file query_22.cif (mmCIF, C-alpha atoms and all ligand atoms)
data_entry
loop_
_atom_site.label_atom_id
_atom_site.label_comp_id
_atom_site.auth_asym_id
_atom_site.auth_seq_id
_atom_site.Cartn_x
_atom_site.Cartn_y
_atom_site.Cartn_z
CA MET A 1 0.00 0.00 0.00
CA SER A 2 1.40 3.44 -0.81
CA ALA A 3 1.87 5.92 2.03
CA ALA A 4 -0.64 8.27 0.47
CA SER A 5 -3.46 5.72 0.14
CA THR A 6 -3.55 4.66 3.78
CA ASP A 7 -5.90 6.19 6.42
CA MET A 8 -3.06 7.04 8.76
CA LEU A 9 0.74 7.33 8.76
CA GLU A 10 2.98 7.34 11.80
CA ILE A 11 6.28 9.16 11.50
CA VAL A 12 9.21 7.46 13.20
CA PRO A 13 11.71 10.09 14.41
CA PRO A 14 15.01 9.53 12.59
CA ALA A 15 17.97 8.44 14.71
CA GLY A 16 20.22 11.13 13.23
CA PRO A 17 20.31 14.20 10.99
CA LEU A 18 18.44 13.97 7.68
CA ARG A 19 20.72 14.26 4.66
CA GLY A 20 20.14 13.97 0.94
CA ALA A 21 18.89 15.74 -2.17
CA VAL A 22 15.19 16.43 -2.68
CA THR A 23 13.83 18.64 -5.45
CA PRO A 24 10.60 20.37 -4.47
CA PRO A 25 7.77 20.08 -7.02
CA GLY A 26 7.05 22.97 -9.39
CA SER A 27 5.26 25.98 -7.98
CA LYS A 28 1.50 25.57 -7.76
CA SER A 29 0.95 29.31 -7.96
CA ILE A 30 3.13 29.77 -11.04
CA THR A 31 1.91 26.60 -12.79
CA ASN A 32 -1.73 27.68 -12.52
CA ARG A 33 -0.94 31.22 -13.65
CA ALA A 34 1.14 30.00 -16.58
CA LEU A 35 -1.49 27.45 -17.65
CA LEU A 36 -4.14 30.17 -17.68
CA VAL A 37 -2.22 32.87 -19.53
CA ALA A 38 -0.88 30.30 -22.02
CA ALA A 39 -4.52 29.28 -22.61
CA LEU A 40 -5.38 32.94 -23.29
CA ALA A 41 -2.50 33.24 -25.80
CA LYS A 42 -2.96 32.32 -29.45
CA GLY A 43 -0.49 29.60 -30.46
CA GLU A 44 1.58 27.02 -28.67
CA SER A 45 3.32 27.61 -25.36
CA VAL A 46 5.69 25.25 -23.60
CA LEU A 47 5.84 25.35 -19.81
CA THR A 48 8.70 23.51 -18.13
CA GLY A 49 9.14 22.53 -14.46
CA GLY A 50 5.39 22.54 -13.85
CA LEU A 51 3.53 20.90 -11.00
CA THR A 52 1.26 17.90 -11.44
CA SER A 53 -1.09 17.77 -8.47
CA ASP A 54 -4.81 18.02 -7.76
CA ASP A 55 -4.80 21.83 -8.07
CA THR A 56 -3.04 21.95 -11.43
CA ARG A 57 -5.08 19.01 -12.77
CA TYR A 58 -8.29 20.89 -11.98
CA MET A 59 -6.97 23.96 -13.79
CA ALA A 60 -5.80 21.99 -16.83
CA GLU A 61 -9.04 19.97 -17.02
CA ALA A 62 -11.13 23.15 -16.88
CA LEU A 63 -9.11 24.77 -19.65
CA ARG A 64 -9.45 21.62 -21.77
CA ALA A 65 -13.21 21.77 -21.20
CA MET A 66 -13.05 25.28 -22.69
CA GLY A 67 -11.31 24.17 -25.86
CA VAL A 68 -7.62 24.47 -24.97
CA ALA A 69 -5.31 21.58 -25.93
CA ILE A 70 -2.95 20.71 -23.09
CA GLU A 71 -0.51 17.83 -23.32
CA GLN A 72 1.97 16.81 -20.72
CA ASP A 73 5.28 15.04 -20.71
CA GLY A 74 6.61 14.77 -17.17
CA THR A 75 6.91 18.29 -15.82
CA THR A 76 6.55 19.89 -19.28
CA PHE A 77 3.15 21.16 -20.44
CA MET A 78 2.39 21.94 -24.07
CA VAL A 79 -0.52 24.37 -24.33
CA ALA A 80 -2.13 25.12 -27.71
CA SER A 81 -4.92 27.64 -27.87
CA SER A 82 -6.96 29.86 -30.17
CA GLY A 83 -6.45 32.59 -27.57
CA ARG A 84 -10.09 32.50 -26.41
CA LEU A 85 -11.90 30.27 -23.95
CA ALA A 86 -15.06 28.58 -25.25
CA GLN A 87 -18.23 27.90 -23.28
CA PRO A 88 -17.81 24.57 -21.45
CA GLU A 89 -20.52 21.95 -21.81
CA LYS A 90 -20.75 21.21 -18.10
CA PRO A 91 -20.07 23.04 -14.83
CA LEU A 92 -16.34 23.31 -14.15
CA PHE A 93 -15.46 21.26 -11.07
CA LEU A 94 -12.34 22.71 -9.46
CA GLY A 95 -11.99 20.74 -6.23
CA ASN A 96 -10.48 22.93 -3.52
CA ALA A 97 -8.07 24.77 -5.81
CA GLY A 98 -8.39 28.43 -4.80
CA THR A 99 -6.19 29.61 -7.67
CA ALA A 100 -8.24 27.71 -10.27
CA VAL A 101 -11.61 28.94 -8.98
CA ARG A 102 -10.61 32.57 -8.55
CA PHE A 103 -8.45 32.94 -11.67
CA LEU A 104 -11.01 31.25 -13.93
CA THR A 105 -13.96 33.21 -12.53
CA ALA A 106 -12.45 36.44 -13.86
CA ALA A 107 -11.08 34.89 -17.07
CA CYS A 108 -14.52 33.48 -17.93
CA ALA A 109 -16.08 36.96 -17.93
CA PHE A 110 -14.93 37.16 -21.56
CA ILE A 111 -16.47 33.86 -22.65
CA ASP A 112 -19.35 34.09 -25.07
CA GLY A 113 -21.77 32.04 -23.01
CA HIS A 114 -22.67 30.54 -19.68
CA VAL A 115 -20.28 29.00 -17.14
CA VAL A 116 -20.72 27.48 -13.70
CA LEU A 117 -17.59 27.25 -11.54
CA ASP A 118 -17.89 24.89 -8.62
CA GLY A 119 -15.69 23.10 -6.13
CA ASP A 120 -15.82 20.54 -3.35
CA GLU A 121 -17.46 20.95 0.06
CA HIS A 122 -14.42 22.88 1.36
CA MET A 123 -14.28 25.24 -1.62
CA ARG A 124 -17.98 25.90 -1.14
CA LYS A 125 -17.04 27.57 2.16
CA ARG A 126 -14.29 29.78 0.73
CA PRO A 127 -15.39 33.36 -0.05
CA ILE A 128 -15.58 34.69 -3.59
CA LYS A 129 -18.10 37.50 -3.13
CA PRO A 130 -15.62 40.40 -3.56
CA LEU A 131 -14.59 39.05 -6.96
CA VAL A 132 -18.19 38.48 -8.06
CA ALA A 133 -19.05 42.03 -6.90
CA ALA A 134 -16.14 43.44 -8.92
CA LEU A 135 -17.37 41.65 -12.05
CA ASN A 136 -20.91 42.87 -11.42
CA SER A 137 -19.60 46.44 -11.20
CA LEU A 138 -18.36 45.99 -14.78
CA GLY A 139 -21.78 44.86 -15.95
CA ILE A 140 -20.92 41.14 -16.01
CA ASP A 141 -23.79 38.93 -14.88
CA ALA A 142 -22.13 36.76 -12.22
CA ARG A 143 -23.86 35.27 -9.18
CA SER A 144 -22.96 33.33 -6.10
CA GLU A 145 -25.88 32.66 -3.78
CA THR A 146 -23.81 31.98 -0.68
CA GLY A 147 -20.89 34.33 -1.35
CA CYS A 148 -18.82 31.18 -2.03
CA PRO A 149 -18.75 28.85 -5.05
CA PRO A 150 -20.65 27.77 -7.05
CA VAL A 151 -20.49 30.87 -9.21
CA GLU A 152 -22.78 31.17 -12.19
CA LEU A 153 -21.55 33.55 -14.84
CA PHE A 154 -22.76 34.81 -18.20
CA GLY A 155 -19.64 35.94 -20.03
CA ASN A 156 -19.82 38.85 -22.42
CA PRO A 157 -16.88 39.57 -24.72
CA LYS A 158 -18.67 42.70 -26.00
CA ALA A 159 -19.39 44.15 -22.54
CA PHE A 160 -16.78 46.88 -22.85
CA GLU A 161 -17.11 47.87 -26.48
CA GLY A 162 -17.55 51.58 -27.01
CA LYS A 163 -15.76 52.56 -23.77
CA ASP A 164 -12.33 54.13 -23.92
CA HIS A 165 -11.15 52.34 -20.77
CA ILE A 166 -12.58 50.58 -17.75
CA VAL A 167 -11.83 50.83 -14.05
CA VAL A 168 -12.41 47.99 -11.63
CA GLU A 169 -11.97 48.14 -7.87
CA ILE A 170 -11.40 44.99 -5.89
CA ASP A 171 -11.17 44.34 -2.18
CA GLY A 172 -8.17 42.05 -1.83
CA SER A 173 -8.11 41.85 1.97
CA LEU A 174 -9.62 38.32 2.12
CA SER A 175 -7.61 36.95 -0.78
CA SER A 176 -4.96 38.38 -3.10
CA GLN A 177 -6.18 35.82 -5.64
CA TYR A 178 -9.12 38.12 -6.54
CA VAL A 179 -6.65 40.82 -7.57
CA SER A 180 -4.47 38.38 -9.51
CA ALA A 181 -7.60 37.02 -11.20
CA LEU A 182 -8.67 40.44 -12.52
CA LEU A 183 -5.15 41.37 -13.56
CA MET A 184 -4.69 38.16 -15.59
CA ALA A 185 -8.12 38.48 -17.24
CA ALA A 186 -7.61 42.14 -18.17
CA PRO A 187 -5.49 41.84 -21.37
CA GLN A 188 -8.50 40.11 -22.99
CA ALA A 189 -10.57 43.33 -22.76
CA PRO A 190 -10.94 45.44 -25.92
CA VAL A 191 -9.86 48.58 -24.01
CA PRO A 192 -7.29 49.40 -21.29
CA VAL A 193 -8.27 48.25 -17.79
CA LEU A 194 -7.32 49.97 -14.55
CA VAL A 195 -7.35 47.48 -11.65
CA ARG A 196 -7.36 49.24 -8.29
CA VAL A 197 -7.24 47.59 -4.87
CA ALA A 198 -9.87 48.92 -2.48
CA GLY A 199 -10.26 48.26 1.24
CA ASP A 200 -7.47 47.24 3.58
CA GLY A 201 -4.84 46.40 0.98
CA ILE A 202 -3.80 42.93 -0.05
CA GLY A 203 -3.26 39.92 2.17
CA SER A 204 -0.19 38.62 0.42
CA ARG A 205 1.21 41.23 -1.93
CA GLY A 206 4.05 38.99 -3.17
CA TYR A 207 1.55 36.92 -5.15
CA ILE A 208 0.62 40.00 -7.18
CA ASP A 209 4.25 40.35 -8.19
CA ILE A 210 4.40 36.79 -9.51
CA THR A 211 1.13 37.43 -11.35
CA LEU A 212 2.63 40.48 -13.09
CA GLU A 213 5.82 38.54 -13.85
CA THR A 214 3.88 35.73 -15.53
CA MET A 215 1.65 38.15 -17.46
CA ARG A 216 4.64 40.07 -18.81
CA ALA A 217 6.38 36.84 -19.83
CA PHE A 218 3.38 36.20 -22.10
CA GLY A 219 3.43 39.65 -23.65
CA ALA A 220 1.05 41.61 -21.42
CA ALA A 221 1.73 45.33 -21.01
CA VAL A 222 1.14 46.29 -17.39
CA HIS A 223 1.94 49.66 -15.95
CA GLN A 224 1.98 50.19 -12.20
CA GLU A 225 0.01 53.41 -11.53
CA ASP A 226 0.70 53.43 -7.80
CA ALA A 227 1.30 50.82 -5.06
CA LEU A 228 -2.23 49.45 -5.41
CA ALA A 229 -3.27 50.17 -9.01
CA TRP A 230 -2.24 48.79 -12.39
CA ARG A 231 -3.16 49.76 -15.94
CA ILE A 232 -3.30 46.82 -18.36
CA GLU A 233 -3.27 47.44 -22.12
CA PRO A 234 -5.60 45.48 -24.45
CA THR A 235 -2.77 43.46 -26.00
CA GLY A 236 -4.01 39.93 -25.32
CA TYR A 237 -1.26 37.41 -24.62
CA LYS A 238 1.45 35.92 -26.83
CA ALA A 239 2.42 32.24 -26.70
CA ALA A 240 5.76 31.72 -24.95
CA ASN A 241 8.16 29.17 -23.55
CA TYR A 242 8.23 29.56 -19.80
CA ALA A 243 10.22 27.94 -16.98
CA ILE A 244 8.34 27.43 -13.70
CA GLU A 245 10.38 27.63 -10.50
CA PRO A 246 10.15 25.06 -7.68
CA ASP A 247 7.44 25.63 -5.09
CA ALA A 248 8.63 27.82 -2.22
CA SER A 249 5.84 26.71 0.15
CA ALA A 250 6.81 23.08 -0.45
CA ALA A 251 10.46 24.04 0.10
CA THR A 252 9.62 25.24 3.64
CA TYR A 253 9.04 21.62 4.71
CA LEU A 254 12.39 20.54 3.28
CA TRP A 255 14.18 23.41 5.02
CA ALA A 256 12.42 22.35 8.22
CA TRP A 257 13.49 18.67 7.81
CA GLU A 258 17.06 19.92 7.63
CA LYS A 259 16.86 22.37 10.51
CA LEU A 260 14.84 20.24 12.95
CA THR A 261 17.27 17.32 12.62
CA GLY A 262 20.50 19.28 12.17
CA GLY A 263 20.95 17.71 8.73
CA ALA A 264 21.58 18.96 5.19
CA ILE A 265 19.03 18.66 2.37
CA ASP A 266 20.05 19.93 -1.05
CA ILE A 267 16.90 21.27 -2.71
CA GLY A 268 18.75 22.47 -5.82
CA ILE A 269 17.81 26.15 -5.48
CA ARG A 270 18.58 28.90 -2.97
CA PRO A 271 15.72 30.81 -1.32
CA GLU A 272 16.98 34.12 -2.72
CA GLU A 273 16.60 32.71 -6.23
CA MET A 274 12.86 32.23 -5.73
CA SER A 275 10.31 34.92 -6.56
CA GLN A 276 7.48 33.44 -4.47
CA PRO A 277 6.58 35.13 -1.18
CA ASP A 278 7.07 32.04 1.00
CA ALA A 279 10.79 31.96 0.21
CA VAL A 280 11.24 34.59 2.95
CA ALA A 281 10.24 31.93 5.50
CA TYR A 282 13.77 30.57 5.16
CA GLU A 283 15.04 33.63 7.06
CA PHE A 284 13.00 32.41 10.04
CA ILE A 285 13.46 28.67 9.63
CA LYS A 286 17.23 29.06 9.73
CA GLN A 287 16.97 30.76 13.15
CA PHE A 288 15.42 27.67 14.78
CA PRO A 289 15.60 26.91 17.77
CA HIS A 290 15.82 30.65 18.38
CA LEU A 291 12.81 31.84 16.41
CA PRO A 292 11.86 35.44 17.24
CA ALA A 293 9.21 36.13 19.87
CA GLU A 294 6.88 37.52 17.19
CA ILE A 295 6.53 36.47 13.55
CA ALA A 296 4.28 38.39 11.13
CA GLY A 297 2.49 35.95 8.85
CA ALA A 298 0.62 38.13 6.34
CA GLN A 299 3.29 38.03 3.65
CA MET A 300 4.15 34.30 3.93
CA GLN A 301 0.81 32.78 4.84
CA ASP A 302 1.30 29.28 3.48
CA ALA A 303 4.56 28.96 5.43
CA ILE A 304 2.91 29.65 8.80
CA PRO A 305 1.85 26.02 9.49
CA THR A 306 5.50 24.99 8.93
CA LEU A 307 6.80 27.64 11.33
CA ALA A 308 4.04 27.09 13.91
CA VAL A 309 4.80 23.36 14.20
CA MET A 310 8.55 24.07 14.37
CA ALA A 311 7.79 26.63 17.10
CA MET A 312 6.61 23.76 19.29
CA PHE A 313 10.29 22.80 19.82
CA ASN A 314 11.64 26.37 19.91
CA ALA A 315 13.62 27.57 22.92
CA THR A 316 11.04 30.27 23.67
CA PRO A 317 7.35 30.97 22.88
CA VAL A 318 6.41 32.49 19.52
CA ARG A 319 3.44 34.71 18.69
CA PHE A 320 2.29 34.59 15.07
CA THR A 321 0.43 37.71 13.92
CA GLY A 322 -1.39 38.83 10.77
CA LEU A 323 -3.15 35.50 10.31
CA SER A 324 -6.73 36.54 9.56
CA ASN A 325 -6.53 35.18 5.98
CA LEU A 326 -5.48 31.78 7.27
CA ARG A 327 -9.04 31.35 8.53
CA VAL A 328 -10.37 31.15 4.95
CA LYS A 329 -7.86 28.75 3.40
CA GLU A 330 -8.44 25.00 2.88
CA CYS A 331 -9.60 25.05 6.51
CA ASP A 332 -9.43 27.58 9.34
CA ARG A 333 -5.69 27.08 9.78
CA VAL A 334 -5.37 29.18 12.95
CA SER A 335 -7.93 27.03 14.69
CA ALA A 336 -6.62 23.76 13.16
CA LEU A 337 -3.04 24.52 14.26
CA SER A 338 -4.14 25.44 17.76
CA THR A 339 -6.45 22.42 18.14
CA GLU A 340 -3.94 19.86 16.89
CA LEU A 341 -0.98 21.34 18.82
CA ASN A 342 -3.08 21.16 21.97
CA LYS A 343 -3.79 17.49 21.25
CA ILE A 344 -0.04 16.91 21.41
CA LEU A 345 0.14 18.74 24.74
CA PRO A 346 -2.70 20.70 26.35
CA GLY A 347 -1.69 24.35 26.63
CA LEU A 348 0.87 24.14 23.83
CA ALA A 349 -0.94 26.77 21.74
CA ARG A 350 -3.66 29.36 22.05
CA GLU A 351 -5.52 31.77 19.82
CA GLU A 352 -5.77 35.45 20.71
CA GLY A 353 -8.00 37.12 18.16
CA ASP A 354 -6.36 36.08 14.91
CA ASP A 355 -2.94 35.61 16.55
CA LEU A 356 -1.56 32.18 17.38
CA ILE A 357 0.78 31.72 20.32
CA VAL A 358 2.90 28.57 20.48
CA ASN A 359 4.57 27.82 23.81
CA GLY A 360 7.68 26.21 22.47
CA SER A 361 10.19 24.17 24.43
CA PRO A 362 12.90 21.71 23.34
CA ASP A 363 11.50 19.41 26.10
CA HIS A 364 8.50 18.75 23.89
CA ALA A 365 10.68 16.33 21.96
CA ASN A 366 10.43 13.99 24.98
CA LEU A 367 6.65 13.54 24.74
CA LYS A 368 5.85 10.00 23.61
CA LYS A 369 2.10 9.38 23.77
CA PRO A 370 0.68 8.54 20.32
CA VAL A 371 -1.39 11.42 18.93
CA GLU A 372 -3.69 11.27 15.92
CA ILE A 373 -3.51 14.54 13.97
CA PHE A 374 -6.73 15.39 12.18
CA THR A 375 -5.82 17.11 8.92
CA TYR A 376 -9.08 18.80 7.84
CA ALA A 377 -8.44 17.75 4.18
CA ASP A 378 -5.67 20.38 4.29
CA HIS A 379 -2.35 19.41 2.71
CA ARG A 380 -0.45 21.98 4.77
CA ILE A 381 -1.79 20.67 8.10
CA ALA A 382 -0.65 17.15 7.09
CA MET A 383 2.78 18.22 5.82
CA SER A 384 3.53 20.56 8.73
CA PHE A 385 2.47 18.18 11.52
CA ALA A 386 4.72 15.51 9.99
CA LEU A 387 7.52 17.86 11.12
CA ALA A 388 6.53 17.25 14.75
CA GLY A 389 7.00 13.54 14.06
CA LEU A 390 10.65 14.10 13.17
CA CYS A 391 11.38 15.21 16.73
CA ARG A 392 9.03 13.20 18.94
CA GLU A 393 7.54 9.72 18.83
CA GLY A 394 3.94 8.86 18.12
CA ILE A 395 2.80 11.50 15.62
CA ARG A 396 0.12 9.93 13.46
CA ILE A 397 -1.16 11.85 10.44
CA LEU A 398 -4.76 11.07 9.42
CA ASP A 399 -5.72 11.21 5.72
CA PRO A 400 -2.10 11.63 4.56
CA GLY A 401 -3.27 11.48 0.92
CA CYS A 402 -4.54 15.07 1.20
CA VAL A 403 -0.99 16.23 0.33
CA ALA A 404 -1.94 15.50 -3.30
CA LYS A 405 -3.37 19.03 -3.52
CA THR A 406 0.12 20.47 -4.08
CA TYR A 407 2.80 17.90 -3.21
CA PRO A 408 1.73 14.36 -4.16
CA ASN A 409 5.23 12.93 -3.52
CA TYR A 410 5.66 14.41 -0.06
CA TRP A 411 5.70 11.06 1.79
CA ARG A 412 7.89 9.43 -0.85
CA ASP A 413 10.38 12.31 -0.53
CA LEU A 414 10.36 12.10 3.26
CA ALA A 415 11.05 8.35 3.06
CA SER A 416 13.82 9.02 0.51
CA VAL A 417 15.91 10.83 3.13
CA GLY A 418 15.57 7.89 5.48
CA VAL A 419 12.45 8.60 7.54
CA GLU A 420 10.46 5.47 8.41
CA LEU A 421 6.71 5.82 7.90
CA LYS A 422 4.52 3.23 9.62
CA THR A 423 0.90 2.43 8.90
CA PRO A 424 -0.48 1.60 12.38
CA SER A 425 -3.49 -0.73 12.44
O1 LIG B 501 -2.06 33.63 -5.70
C1 LIG B 501 -1.67 32.54 -5.27
O2 LIG B 501 -1.11 31.68 -5.99
C2 LIG B 501 -1.87 32.23 -3.84
C3 LIG B 501 -2.20 33.21 -2.95
C4 LIG B 501 -2.40 32.95 -1.51
O3 LIG B 501 -3.77 32.94 -1.24
P1 LIG B 501 -4.65 34.25 -0.85
O4 LIG B 501 -4.39 35.28 -1.85
O5 LIG B 501 -6.05 33.73 -0.91
O6 LIG B 501 -4.22 34.67 0.51
C5 LIG B 501 -1.83 31.60 -1.09
O7 LIG B 501 -2.28 31.28 0.20
C6 LIG B 501 -2.24 30.52 -2.07
O8 LIG B 501 -1.76 29.26 -1.68
C7 LIG B 501 -1.70 30.81 -3.43
C1 LIG B 502 -4.14 28.35 0.40
C2 LIG B 502 -3.69 27.44 -0.43
O1 LIG B 502 -4.23 27.11 -1.62
P1 LIG B 502 -5.32 27.77 -2.59
O2 LIG B 502 -5.80 29.05 -1.98
O3 LIG B 502 -4.62 27.98 -3.87
O4 LIG B 502 -6.40 26.73 -2.68
C3 LIG B 502 -2.45 26.67 -0.12
O5 LIG B 502 -1.93 26.00 -1.04
O6 LIG B 502 -1.98 26.70 1.01
#
call {"tool": "encode", "arguments": {"input": "query_22.cif", "output": "structure tokens"}}
result
Amino acid sequence: MSAASTDMLEIVPPAGPLRGAVTPPGSKSITNRALLVAALAKGESVLTGGLTSDDTRYMAEALRAMGVAIEQDGTTFMVASSGRLAQPEKPLFLGNAGTAVRFLTAACAFIDGHVVLDGDEHMRKRPIKPLVAALNSLGIDARSETGCPPVELFGNPKAFEGKDHIVVEIDGSLSSQYVSALLMAAPQAPVPVLVRVAGDGIGSRGYIDITLETMRAFGAAVHQEDALAWRIEPTGYKAANYAIEPDASAATYLWAWEKLTGGAIDIGIRPEEMSQPDAVAYEFIKQFPHLPAEIAGAQMQDAIPTLAVMAMFNATPVRFTGLSNLRVKECDRVSALSTELNKILPGLAREEGDDLIVNGSPDHANLKKPVEIFTYADHRIAMSFALAGLCREGIRILDPGCVAKTYPNYWRDLASVGVELKTPS
């Protein structure tokens, strides 16, 4: 039985430092951006180093359902497109892939026809109302009864004809993906589009930068008007060959394997070579077991589960701040982290508003009682709690297969550096 197909995996703490070479998978964020903009470009694009996981499969399947030809050979994707998305025959099912749901909702505004974008039970709890409201403000008929998917949308490629430009405001405080979605859709418009962020700013600004990078690589002309506004020219996209970098959020686990065991894992790329926001987490991971007393999470949100579980063994307590967005990810991650850490040892963590405080101590490595970690169908809860199992006995991860969302080979890679994974009966 493969590690991923079992109901539970127990991590056996390694006897010594973990050493070896592990290449993180391709970036989920960049793969799903590149797939979309390549699909909006006329001609054939070749994407190398891409990720194959649930999230990218949902994106690729949806684009195929809208007439785009996508072939894959290992980590290389060949995308051939007319440059326009066609009305799909059925609702698009996008699992719990936030990038796919949000990016496609905006891109589909230019379809000539009717589209329903839906996801699984978890996605149906993740907000999309600000993005739907932004499309409505442009005269696009889009609806979401609950404020979460499913979204029903009647695309209109002619909606903006006769205008000399359009302005769209978007509240990006719940998710930066709404902003990225509008930016990536904008070059399809017949006139220039000004995308302006309203409200409290953007949760994770670094993702906007990788959006702009990907757009420009496919020929988009984007001009930054000010810190929170961009003007996008009506150029459409041009097919391109594009190299996708390894996933920085996935890399945080590998850096943690190394640091928690005093080992050396060669991941083939240095953090400063990565453009994704989570690469900055390395600056904190390398300080373990002397993590700072306060860590701000807003600009490296997906790395917080990694750091919060590491903090359990830190010399001193750590307060994580700026976590409000973590409550609307695959699960409420603030609550999940606190609940599961407290299962390991009551009092280990607590929530204060949206802050999470972890009462770290190296002594926590001596706890031995078996603990079953519930993972809430959240890949990051599974991957980060496995880190606890490197330092103390008895950590059992329920539903380990949920890592398939972004890192299907996580357990295989962990075993490849010598960690024993048991399947307790
Ligand atoms: O744009 C992206 O690729 C992402 C943005 C972040 O989400 P939010 O913008 O919803 O915070 C991040 O958590 C997610 O994993 C990927
Ligand atoms: C939040 C995440 O994913 P998404 O929003 O893309 O579903 C994540 O991968 O941690």
call {"tool": "residues_near_ligand", "arguments": {"input": "query_22.cif", "ligand": "ligand LIG 501 (chain B)", "cutoff": "8 Å", "atoms": "only C-alpha atoms and all ligand atoms", "output": "mmCIF file with C-alpha atoms, in the frame of the given file"}}
result
data_model
loop_
_atom_site.group_PDB
_atom_site.id
_atom_site.type_symbol
_atom_site.label_atom_id
_atom_site.label_comp_id
_atom_site.auth_asym_id
_atom_site.auth_seq_id
_atom_site.Cartn_x
_atom_site.Cartn_y
_atom_site.Cartn_z
ATOM 1 C CA LYS A 28 1.500 25.570 -7.760
ATOM 2 C CA SER A 29 0.950 29.310 -7.960
ATOM 3 C CA ILE A 30 3.130 29.770 -11.040
ATOM 4 C CA ASN A 32 -1.730 27.680 -12.520
ATOM 5 C CA ARG A 33 -0.940 31.220 -13.650
ATOM 6 C CA GLY A 98 -8.390 28.430 -4.800
ATOM 7 C CA THR A 99 -6.190 29.610 -7.670
ATOM 8 C CA GLY A 172 -8.170 42.050 -1.830
ATOM 9 C CA LEU A 174 -9.620 38.320 2.120
ATOM 10 C CA SER A 175 -7.610 36.950 -0.780
ATOM 11 C CA SER A 176 -4.960 38.380 -3.100
ATOM 12 C CA GLN A 177 -6.180 35.820 -5.640
ATOM 13 C CA TYR A 178 -9.120 38.120 -6.540
ATOM 14 C CA SER A 180 -4.470 38.380 -9.510
ATOM 15 C CA ILE A 202 -3.800 42.930 -0.050
ATOM 16 C CA GLY A 203 -3.260 39.920 2.170
ATOM 17 C CA SER A 204 -0.190 38.620 0.420
ATOM 18 C CA TYR A 207 1.550 36.920 -5.150
ATOM 19 C CA ILE A 208 0.620 40.000 -7.180
ATOM 20 C CA THR A 211 1.130 37.430 -11.350
ATOM 21 C CA GLN A 301 0.810 32.780 4.840
ATOM 22 C CA ASP A 302 1.300 29.280 3.480
ATOM 23 C CA ASN A 325 -6.530 35.180 5.980
ATOM 24 C CA LEU A 326 -5.480 31.780 7.270
ATOM 25 C CA VAL A 328 -10.370 31.150 4.950
ATOM 26 C CA LYS A 329 -7.860 28.750 3.400
#
call {"tool": "closest_residue", "arguments": {"input": "query_22.cif", "among": "A:Ile381, A:Leu51, A:Ile210, A:Ala415", "to": "ligand LIG 502 (chain B)", "atoms": "all atoms listed in the file"}}
result
A:Ile381
call {"tool": "closest_residue", "arguments": {"input": "query_22.cif", "among": "A:Met383, A:Ala220, A:Ile285, A:Val132", "to": "ligand LIG 502 (chain B)", "atoms": "all atoms listed in the file"}}
result
A:Met383
call {"tool": "residues_near_point", "arguments": {"input": "query_22.cif", "point": "(-19.3, 18.9, -2.1)", "cutoff": "12 Å", "atoms": "all atoms listed in the file", "output": "list in words"}}
result
Phe93, Leu94, Gly95, Asn96, Asp118, Gly119, Asp120, Glu121, His122, Met123, Arg124, Lys125, Pro149 and Pro150 of chain A
call {"tool": "residues_around", "arguments": {"input": "query_22.cif", "residues": "Pro346 (chain A)", "least_positions_apart": "5", "cutoff": "12 Å", "atoms": "all atoms listed in the file", "output": "PyMOL selection string"}}
result
chain A and resi 338-341+358-359+364+367+371
call {"tool": "closest_residue", "arguments": {"input": "query_22.cif", "among": "A:Gly67, A:Phe313, A:Pro88, A:Thr261", "to": "Gly360 (chain A)", "atoms": "all atoms listed in the file"}}
result
A:Phe313
call {"tool": "decode", "arguments": {"input": "query_22.cif", "residues": "region 195-219 of chain A", "atoms": "C-alpha atoms", "output": "JSON list (two decimals), in the first residue's frame"}}
result
[["chain", "number", "residue", "atom", "x", "y", "z"],
["A", 195, "VAL", "CA", -7.35, 47.48, -11.65],
["A", 196, "ARG", "CA", -7.36, 49.24, -8.29],
["A", 197, "VAL", "CA", -7.24, 47.59, -4.87],
["A", 198, "ALA", "CA", -9.87, 48.92, -2.48],
["A", 199, "GLY", "CA", -10.26, 48.26, 1.24],
["A", 200, "ASP", "CA", -7.47, 47.24, 3.58],
["A", 201, "GLY", "CA", -4.84, 46.40, 0.98],
["A", 202, "ILE", "CA", -3.80, 42.93, -0.05],
["A", 203, "GLY", "CA", -3.26, 39.92, 2.17],
["A", 204, "SER", "CA", -0.19, 38.62, 0.42],
["A", 205, "ARG", "CA", 1.21, 41.23, -1.93],
["A", 206, "GLY", "CA", 4.05, 38.99, -3.17],
["A", 207, "TYR", "CA", 1.55, 36.92, -5.15],
["A", 208, "ILE", "CA", 0.62, 40.00, -7.18],
["A", 209, "ASP", "CA", 4.25, 40.35, -8.19],
["A", 210, "ILE", "CA", 4.40, 36.79, -9.51],
["A", 211, "THR", "CA", 1.13, 37.43, -11.35],
["A", 212, "LEU", "CA", 2.63, 40.48, -13.09],
["A", 213, "GLU", "CA", 5.82, 38.54, -13.85],
["A", 214, "THR", "CA", 3.88, 35.73, -15.53],
["A", 215, "MET", "CA", 1.65, 38.15, -17.46],
["A", 216, "ARG", "CA", 4.64, 40.07, -18.81],
["A", 217, "ALA", "CA", 6.38, 36.84, -19.83],
["A", 218, "PHE", "CA", 3.38, 36.20, -22.10],
["A", 219, "GLY", "CA", 3.43, 39.65, -23.65]]
